[in-house]
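**Student:** This is the structure I want to talk about, given as C-alpha cells.
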Amino acid sequence: MNKIFAIGRAEYLQAVRSKAFLVGVFLMPVMMAGSILVQVALKDQVDLELRRCAVVDPTGELMEVLERAVVERNEAIFETDEETGERKQIRPEFALERFVPTEGERADIVLSKRVEDGELTGFLILSSGILDPDAVPTEDALVYHTDEPTFTELPNWLESVVNSEVRRRRFEAAKLDPTLVARLNRAVPMRTFGLAHLRKDGTVAEAEEENKARTFGVPAGALFLLFILVMTSAPQLMNQVLEEKMQRISEVLVSAVTPFQLMLGKLLGSVGVCSTLALLYLGGVFWSTHHYGVASFVPLSTYGWFLLMMLFALLMYGSLFSALGSACSELRDAQSMMMPAMLVLMIPMFAWSAVLEAPNGSVATALTFFPTATPMILLIRLLAPPGPPLVEVLGGVAMCIVTTLALVWASGKIFRVGVLAQGQAPSYRKLIGWILSK
Amino acid sequence: MTPAVRLSGVTKTFGSHTAVQDLSIEVPRGALYGFIGPNGSGKTTTIRMILHILAPDEGRIEVLGQQGTRAANDRVGYLPEERGLYKKMTVRRLLTYYASLKGMGGRAAKREMDAWLERFELTDWIDKKTEALSKGMSQKVQFIATVISKPELIILDEPFSGLDPVNLEVLRKAILDLNASGSTVIFSTHDMTVAEQMCDQLFMIFRGKKVLDGTLEEIQAQYGQDTLRVRTDGGVRALEEIDGVEQVLDLGRVQEVRFAGDPQDLLRALCERTRVHHFEEARPTLHDIFIRIAGPDARADLQAGPGTREALLR
C-alpha cells in the first residue's frame with residue numbers, strides 16, 4: 001500500500017509542479033471569462049453598414065407603408081450615452097427603393113444581379129393579392145431574396161411591417177378597431193414554479209420560481225467540468241504510461257512493484273491532480289454563488305455528488321486509458337487505439353441535452369445503465385430537478401462501483417502484460433485475450 | 001545459509017516458443033555470478049523470473065529465502081538492459097522516488113544518494129533534470145537508482161553496455177566494492193573478457209537450456225587444453241586440410257585452433273607447409289568455449305556485442 005502511495009505521490013507532485021498544470025488551472029477560467037468578454041465586446045461591435053433593399057410592390061400601397069416605417073426605424077437606431085450625451089448608432093440603417101420591372105423584364109433576375117454586384121443586401125417581392133382581407137396567404141405572398149441569409153434583421157423587420165399592415169387592413173375590413181384588437185389580444189404570461197411543501201410544523205414551504213441557471217446551467221456546467229477533468233487526466237495517463245515504455249522505465253518499476261500496484265499508484269496520482277483542480281473550481285463556484293446570493297442554486301449535495309461521480313469517472317477512464325497506453329509501444333498506435341475509447345467517453349456529451357430535456361425519460365434511464373456513461377449521465381440527472389427515483393440512484397451508484405471495479409481489474413490484466421510487451425500494438429481481440437489469461 | 005537465488009526445474013514458454021527449459025541454478029550468497037549467452041537465449045527471461053516480473057510455467061524459484069513471491073524484491077536491485085530515466089525529473093527526485101519504491105525512508109535515501117553522487121562526481125547535478133545529463137552520467141544515475149536501497153542481491157543486465165572505458169572502470173570498481181561488502185551480484189554480459197575477469201561463477205544459457213555452470217577453472221577444465229594458438233607466415237590458409245583440425249578461429253595474424261590429437265602432429269604439419277613464429281598450447285578462453293557451444297550464432301552475436309574487439313584481440 002505504501003508503494004501505491006509513493007507512486008501516487010510522485011505522479012501527483014510531478015503533475016502539479018509542471019507548467020502545464022498551472023496553465024491548465026488558469027486556462028479554463030480564462031477561457032470561460034474570455035468567451036464572455038468576447039461576447040460582451042462583440043455585442044457592441046455591430047456591423048453598421050447601410051443595408052439597401054429593393055421592393056417589388058404590385059399593390060402600389062405597401063411601399064408607402066414600408067417607407068414610413070423605415071424612416072421611423074432609422075430614427076430609433078441611435079442611442080444617447082447618458083454620461084457624455086453622445087448620440088451613437090447601434091443598429092444598421094435600412095434604405096428601401098421601389099423597383100418596377102419594365103415590360104418583359106423579370107424582377108428577380110435583374111435584382112439578383114444587383115445583389116451579386118453588392119448594390120443591394122436583398123429584395124422583397126410582394127404578391128398583388130397580399131392585401132385582400134379574405135384571401136388565404138399563399139406561399140409566394142411575401143418573398144425575400146438575398147445571398148446573405150444569415151443576416152436576418154432586415155427580412156425580419158420587413159416581415160413584421162408587412163404583416164402589421166396586412167392585419168390592420170383585415171381588422172378595418174372587418175370594422176374592428178385595431179387598438180381594441182391589440183388590447184384583447186394581450187398575452188397572459190406564465191411563470192414556472194417548483195413544488196410547494198407542507199412542513200412537519202404545519203407551515204408551508206412556498207414553491208420557488210424556476211430559474212434556468214439552476215435547472216439547466218448547474219447540471220450542464222457540472223457535466224462539462226467533469227468531462228474536462230476526465231479529458232485532462234485520462235489521455236494524460238495514457239501518454240505517461242506510453243512514455244515510460246518508450247523511455248524503458250517500466251521494467252525497473254515493475255521489478256519494484258507489481259504492475260497492478262503501478263497502475264493503482266498512477267490512478268491515485270491522477271485522482272489527486274483532478275481533485276485539486278476540482279476543489280479549486282468548486283471552491284470558486286462556492287465562493288461566487290455565496291458572494292452573489294445564489295447559493296441555493298448549488299446546494300451542498302451537488303458538490304458531494306460531483307466529487308463522487310468524478311472519482312468513478314476518473315478510475316474508469318484512467319484505468320482504461322492507462323491500459324491502452326501500456327499495450328502500445330508507439331504514440332501513433334496509442335492514438336488509433338484511443339479512438340474507440342474516446343467515442344465511449346463522448347456518449348454523455350452527445351446525449352446530455354436529450355437527458356436534460358427529460359431527466360427521467362427512457363433515454364436518460366437507459367443511458368444511466370450504460371456502464372461507462374453512468375457517472376456523467378447520473379450526475380446530470382441528480383442535479384436536474386426532480387432527480388431520479390431512489391431506486392435508479394442506488395442502481396446507478398451500484399453500476400458505477402461494478403463498472404469501476406471491472407475496468408480497473410481488466411485494465412490491470414492488460415497492464416500486466418502490456419507494460420513489458422514491445423513491438424506492434426495488439427488488436428482489441430488480443431487485449432481481451434490478455435484480460436482472460438491467467 | 002540459503003543461496004541468494006535457487007531455480008529448480010524452471011520452464012517458461014511464450015506461445016509455442018520455449019524461452020527457458022528445465023533450468024536449475026544456485027547462486028551462492030556473496031557471489032559475483034555471470035550470466036552469459038547469445039541474444040534470445042533466455043537470459044533476460046530468467047532474470048525477469050527471478051524478479052517475479054514473469055511467472056514460470058513450471059519449477060520453483062527462491063530468492064533470498066523467499067519462494068514464489070515478490071517478498072524479497074525490496075532487497076533486490078535491478079538494472080535492466082534497456083533502461084531510461086524520467087526526462088523531466090531532477091536527479092534528486094528520481095533517486096528519492098526509486099528508493100521509496102524499495103521501501104526506503106527519505107533520510108536513509110538522502111544519505112546513500114549523497115554518497116553515491118559524490119563517488120561518481122555527480123553532486124553538482126543533483127538538482128538538474130535528467131534530460132540534461134550526458135549518456136555516461138545517465139548510466140551512472142541508473143546504476144545509483146539500482147543500488148541506492150542497499151540491496152542484498154543486485155541484478156545487472158548488460159551493465160557495461162555502451163559505456164566508455166573510463167566509466168566502465170568506475171562502474172566495475174563500484175560493482176566489485178558492493179560485492180566485497182557482501183552483496184550478491186548477478187550480471188549478464190556479452191563481454192567474455194569482463195566475465196572472465198570479474199565473475200566467481202558463470203552460468204551460460206543457450207536456446208533456453210543451461211550449458212555451463214561453475215567457476216571459470218571448472219569450466220575450462222571441462223573443455224580441456226585442446227586450444228592451440230599459432231602464428232605462421234601462411235596464416236589461416238596454412239591450416240587448411242590438416243587432419244585433426246576441427247575448428248579455426250581466425251584472429252588475423254593469430255589463429256586459434258581446436259585440434260583433436262597430439263599437438264606435436266599439428267606443429268609438424270605446419271612446419272612442413274610454412275614458417276611458424278608462435279605455437280602455444282592454451283586453455284580455452286571463455287570466448288572460445290562460448291563459440292564452441294553456440295557456434296556461428298554466437299559468433300555473429302559476439303561480433304555485434306560490446307567489447308567484442310577487445311575480447312578478440314586479447
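Ordering of the C-alpha cells sets the chain letters (A, B, ...), residue numbers begin anew at 1 in every chain, and ligands are numbered from 1 in the order given.
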Can you pull out the residues contacting Arg91 of chain A? Cut-off 6 Å, using only C-alpha atoms, and skip same-chain residues under 2 positions away; I want them as a list of chain:residue names.

**Tutor:**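 Listing them by chain and then by number gives A:Leu48, A:Ile77, A:Gln89.
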
**Student:** Please provide as a VMD selection string all residues within 12 Å of Arg416 of chain A, with the sequence filter that same-chain residues fewer than 6 positions apart are discarded (counting only C-alpha atoms).

**Tutor:** (chain A and resid 250 to 251 253 to 255 257 to 264 322 to 327 408 to 410 431 434 to 435 437 to 438) or (chain B and resid 52 to 55)

**Student:** Let's have the selection written as a PDB file, in the first residue's frame, with N, CA and C atoms.

**Tutor:**
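This went into again08.pdb:
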ATOM      1  N   SER A 250       9.621   1.312 -17.535  1.00  0.00           N
ATOM      2  CA  SER A 250       8.612   0.416 -16.963  1.00  0.00           C
ATOM      3  C   SER A 250       9.216  -0.803 -16.278  1.00  0.00           C
ATOM      4  N   GLU A 251      10.261  -1.372 -16.904  1.00  0.00           N
ATOM      5  CA  GLU A 251      10.786  -2.624 -16.364  1.00  0.00           C
ATOM      6  C   GLU A 251      11.387  -2.431 -14.968  1.00  0.00           C
ATOM      7  N   LEU A 253      10.386  -0.226 -12.862  1.00  0.00           N
ATOM      8  CA  LEU A 253       9.256  -0.015 -11.952  1.00  0.00           C
ATOM      9  C   LEU A 253       8.601  -1.342 -11.579  1.00  0.00           C
ATOM     10  N   VAL A 254       8.366  -2.197 -12.592  1.00  0.00           N
ATOM     11  CA  VAL A 254       7.670  -3.449 -12.272  1.00  0.00           C
ATOM     12  C   VAL A 254       8.580  -4.466 -11.592  1.00  0.00           C
ATOM     13  N   SER A 255       9.873  -4.147 -11.484  1.00  0.00           N
ATOM     14  CA  SER A 255      10.717  -5.018 -10.662  1.00  0.00           C
ATOM     15  C   SER A 255      10.600  -4.617  -9.190  1.00  0.00           C
ATOM     16  N   VAL A 257       7.566  -2.923  -7.989  1.00  0.00           N
ATOM     17  CA  VAL A 257       6.155  -3.037  -7.601  1.00  0.00           C
ATOM     18  C   VAL A 257       5.456  -3.906  -8.639  1.00  0.00           C
ATOM     19  N   THR A 258       4.302  -4.445  -8.277  1.00  0.00           N
ATOM     20  CA  THR A 258       3.568  -5.230  -9.273  1.00  0.00           C
ATOM     21  C   THR A 258       2.961  -4.258 -10.288  1.00  0.00           C
ATOM     22  N   PRO A 259       2.707  -4.728 -11.516  1.00  0.00           N
ATOM     23  CA  PRO A 259       2.078  -3.838 -12.491  1.00  0.00           C
ATOM     24  C   PRO A 259       0.757  -3.260 -11.971  1.00  0.00           C
ATOM     25  N   PHE A 260       0.029  -4.061 -11.204  1.00  0.00           N
ATOM     26  CA  PHE A 260      -1.252  -3.580 -10.685  1.00  0.00           C
ATOM     27  C   PHE A 260      -1.036  -2.438  -9.684  1.00  0.00           C
ATOM     28  N   GLN A 261      -0.025  -2.603  -8.837  1.00  0.00           N
ATOM     29  CA  GLN A 261       0.301  -1.511  -7.894  1.00  0.00           C
ATOM     30  C   GLN A 261       0.707  -0.254  -8.667  1.00  0.00           C
ATOM     31  N   LEU A 262       1.472  -0.473  -9.732  1.00  0.00           N
ATOM     32  CA  LEU A 262       1.934   0.663 -10.531  1.00  0.00           C
ATOM     33  C   LEU A 262       0.734   1.409 -11.127  1.00  0.00           C
ATOM     34  N   MET A 263      -0.211   0.636 -11.668  1.00  0.00           N
ATOM     35  CA  MET A 263      -1.384   1.267 -12.276  1.00  0.00           C
ATOM     36  C   MET A 263      -2.233   1.986 -11.210  1.00  0.00           C
ATOM     37  N   LEU A 264      -2.412   1.321 -10.063  1.00  0.00           N
ATOM     38  CA  LEU A 264      -3.204   1.950  -8.993  1.00  0.00           C
ATOM     39  C   LEU A 264      -2.533   3.232  -8.505  1.00  0.00           C
ATOM     40  N   SER A 322      -4.872   4.066 -19.296  1.00  0.00           N
ATOM     41  CA  SER A 322      -3.514   3.634 -18.951  1.00  0.00           C
ATOM     42  C   SER A 322      -3.270   2.218 -19.482  1.00  0.00           C
ATOM     43  N   ALA A 323      -4.310   1.389 -19.487  1.00  0.00           N
ATOM     44  CA  ALA A 323      -4.152   0.044 -20.055  1.00  0.00           C
ATOM     45  C   ALA A 323      -3.841   0.141 -21.552  1.00  0.00           C
ATOM     46  N   LEU A 324      -4.542   1.031 -22.236  1.00  0.00           N
ATOM     47  CA  LEU A 324      -4.289   1.187 -23.673  1.00  0.00           C
ATOM     48  C   LEU A 324      -2.864   1.692 -23.910  1.00  0.00           C
ATOM     49  N   GLY A 325      -2.429   2.608 -23.063  1.00  0.00           N
ATOM     50  CA  GLY A 325      -1.061   3.116 -23.186  1.00  0.00           C
ATOM     51  C   GLY A 325      -0.047   2.009 -22.969  1.00  0.00           C
ATOM     52  N   SER A 326      -0.335   1.124 -22.016  1.00  0.00           N
ATOM     53  CA  SER A 326       0.623   0.053 -21.718  1.00  0.00           C
ATOM     54  C   SER A 326       0.707  -0.955 -22.863  1.00  0.00           C
ATOM     55  N   ALA A 327      -0.387  -1.070 -23.606  1.00  0.00           N
ATOM     56  CA  ALA A 327      -0.411  -2.071 -24.684  1.00  0.00           C
ATOM     57  C   ALA A 327       0.355  -1.602 -25.923  1.00  0.00           C
ATOM     58  N   VAL A 408     -11.031  -1.506 -13.715  1.00  0.00           N
ATOM     59  CA  VAL A 408      -9.711  -1.477 -13.061  1.00  0.00           C
ATOM     60  C   VAL A 408      -9.092  -2.875 -13.107  1.00  0.00           C
ATOM     61  N   TRP A 409      -9.926  -3.897 -12.850  1.00  0.00           N
ATOM     62  CA  TRP A 409      -9.421  -5.275 -12.884  1.00  0.00           C
ATOM     63  C   TRP A 409      -8.946  -5.647 -14.294  1.00  0.00           C
ATOM     64  N   ALA A 410      -9.801  -5.376 -15.298  1.00  0.00           N
ATOM     65  CA  ALA A 410      -9.450  -5.740 -16.679  1.00  0.00           C
ATOM     66  C   ALA A 410      -8.228  -4.946 -17.152  1.00  0.00           C
ATOM     67  N   LEU A 431      -6.330  -7.924 -26.759  1.00  0.00           N
ATOM     68  CA  LEU A 431      -6.449  -7.343 -25.414  1.00  0.00           C
ATOM     69  C   LEU A 431      -7.424  -8.151 -24.564  1.00  0.00           C
ATOM     70  N   TRP A 434      -5.699 -11.071 -23.324  1.00  0.00           N
ATOM     71  CA  TRP A 434      -4.844 -10.747 -22.165  1.00  0.00           C
ATOM     72  C   TRP A 434      -5.674 -10.685 -20.880  1.00  0.00           C
ATOM     73  N   ILE A 435      -6.880 -10.121 -21.024  1.00  0.00           N
ATOM     74  CA  ILE A 435      -7.743 -10.000 -19.835  1.00  0.00           C
ATOM     75  C   ILE A 435      -8.133 -11.384 -19.325  1.00  0.00           C
ATOM     76  N   SER A 437      -6.515 -14.159 -19.805  1.00  0.00           N
ATOM     77  CA  SER A 437      -5.397 -15.060 -19.489  1.00  0.00           C
ATOM     78  C   SER A 437      -5.183 -15.107 -17.980  1.00  0.00           C
ATOM     79  N   LYS A 438      -4.551 -16.192 -17.538  1.00  0.00           N
ATOM     80  CA  LYS A 438      -4.320 -16.361 -16.086  1.00  0.00           C
ATOM     81  C   LYS A 438      -3.239 -15.411 -15.606  1.00  0.00           C
TER      82      LYS A 438
ATOM     83  N   HIS B  52      10.333 -12.058 -10.402  1.00  0.00           N
ATOM     84  CA  HIS B  52       8.879 -12.277 -10.386  1.00  0.00           C
ATOM     85  C   HIS B  52       8.134 -11.281 -11.262  1.00  0.00           C
ATOM     86  N   ILE B  53       8.826 -10.731 -12.245  1.00  0.00           N
ATOM     87  CA  ILE B  53       8.117  -9.930 -13.248  1.00  0.00           C
ATOM     88  C   ILE B  53       7.351 -10.897 -14.145  1.00  0.00           C
ATOM     89  N   LEU B  54       7.973 -12.037 -14.416  1.00  0.00           N
ATOM     90  CA  LEU B  54       7.305 -13.116 -15.146  1.00  0.00           C
ATOM     91  C   LEU B  54       7.177 -14.306 -14.213  1.00  0.00           C
ATOM     92  N   ALA B  55       6.108 -15.052 -14.379  1.00  0.00           N
ATOM     93  CA  ALA B  55       5.926 -16.247 -13.563  1.00  0.00           C
ATOM     94  C   ALA B  55       6.333 -17.471 -14.390  1.00  0.00           C
TER      95      ALA B  55
END

**Student:** Only residues of chain B matter here; which ones have an atom within 7 Å of chain A, counting only C-alpha atoms? Give them as a VMD selection string.

**Tutor:** chain B and resid 51 53 73 to 74 78 to 80 82 to 85 97 100 to 102

**Student:** Could you name the residues that touch Gly68 of chain B at 10 Å or less, counting only C-alpha atoms, but leaving out those on the same chain fewer than 4 positions away, as a PyMOL selection string?

**Tutor:** chain B and resi 49-52+55-56+59-63+72

**Student:** Mind giving me the straight-line distance from atom CA of Arg107 of chain B to atom CA of Leu171 of chain B in Å, one decimal?

**Tutor:**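 Taking atom CA of Arg107 of chain B as the start and atom CA of Leu171 of chain B as the end point, the length is 24.9 Å.
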
**Student:** As a VMD selection string, please: every residue in segment 71-126 of chain A that a backbone DSSP assignment puts in alpha helix (DSSP H).

**Tutor:** chain A and resid 71 to 75 107 to 116
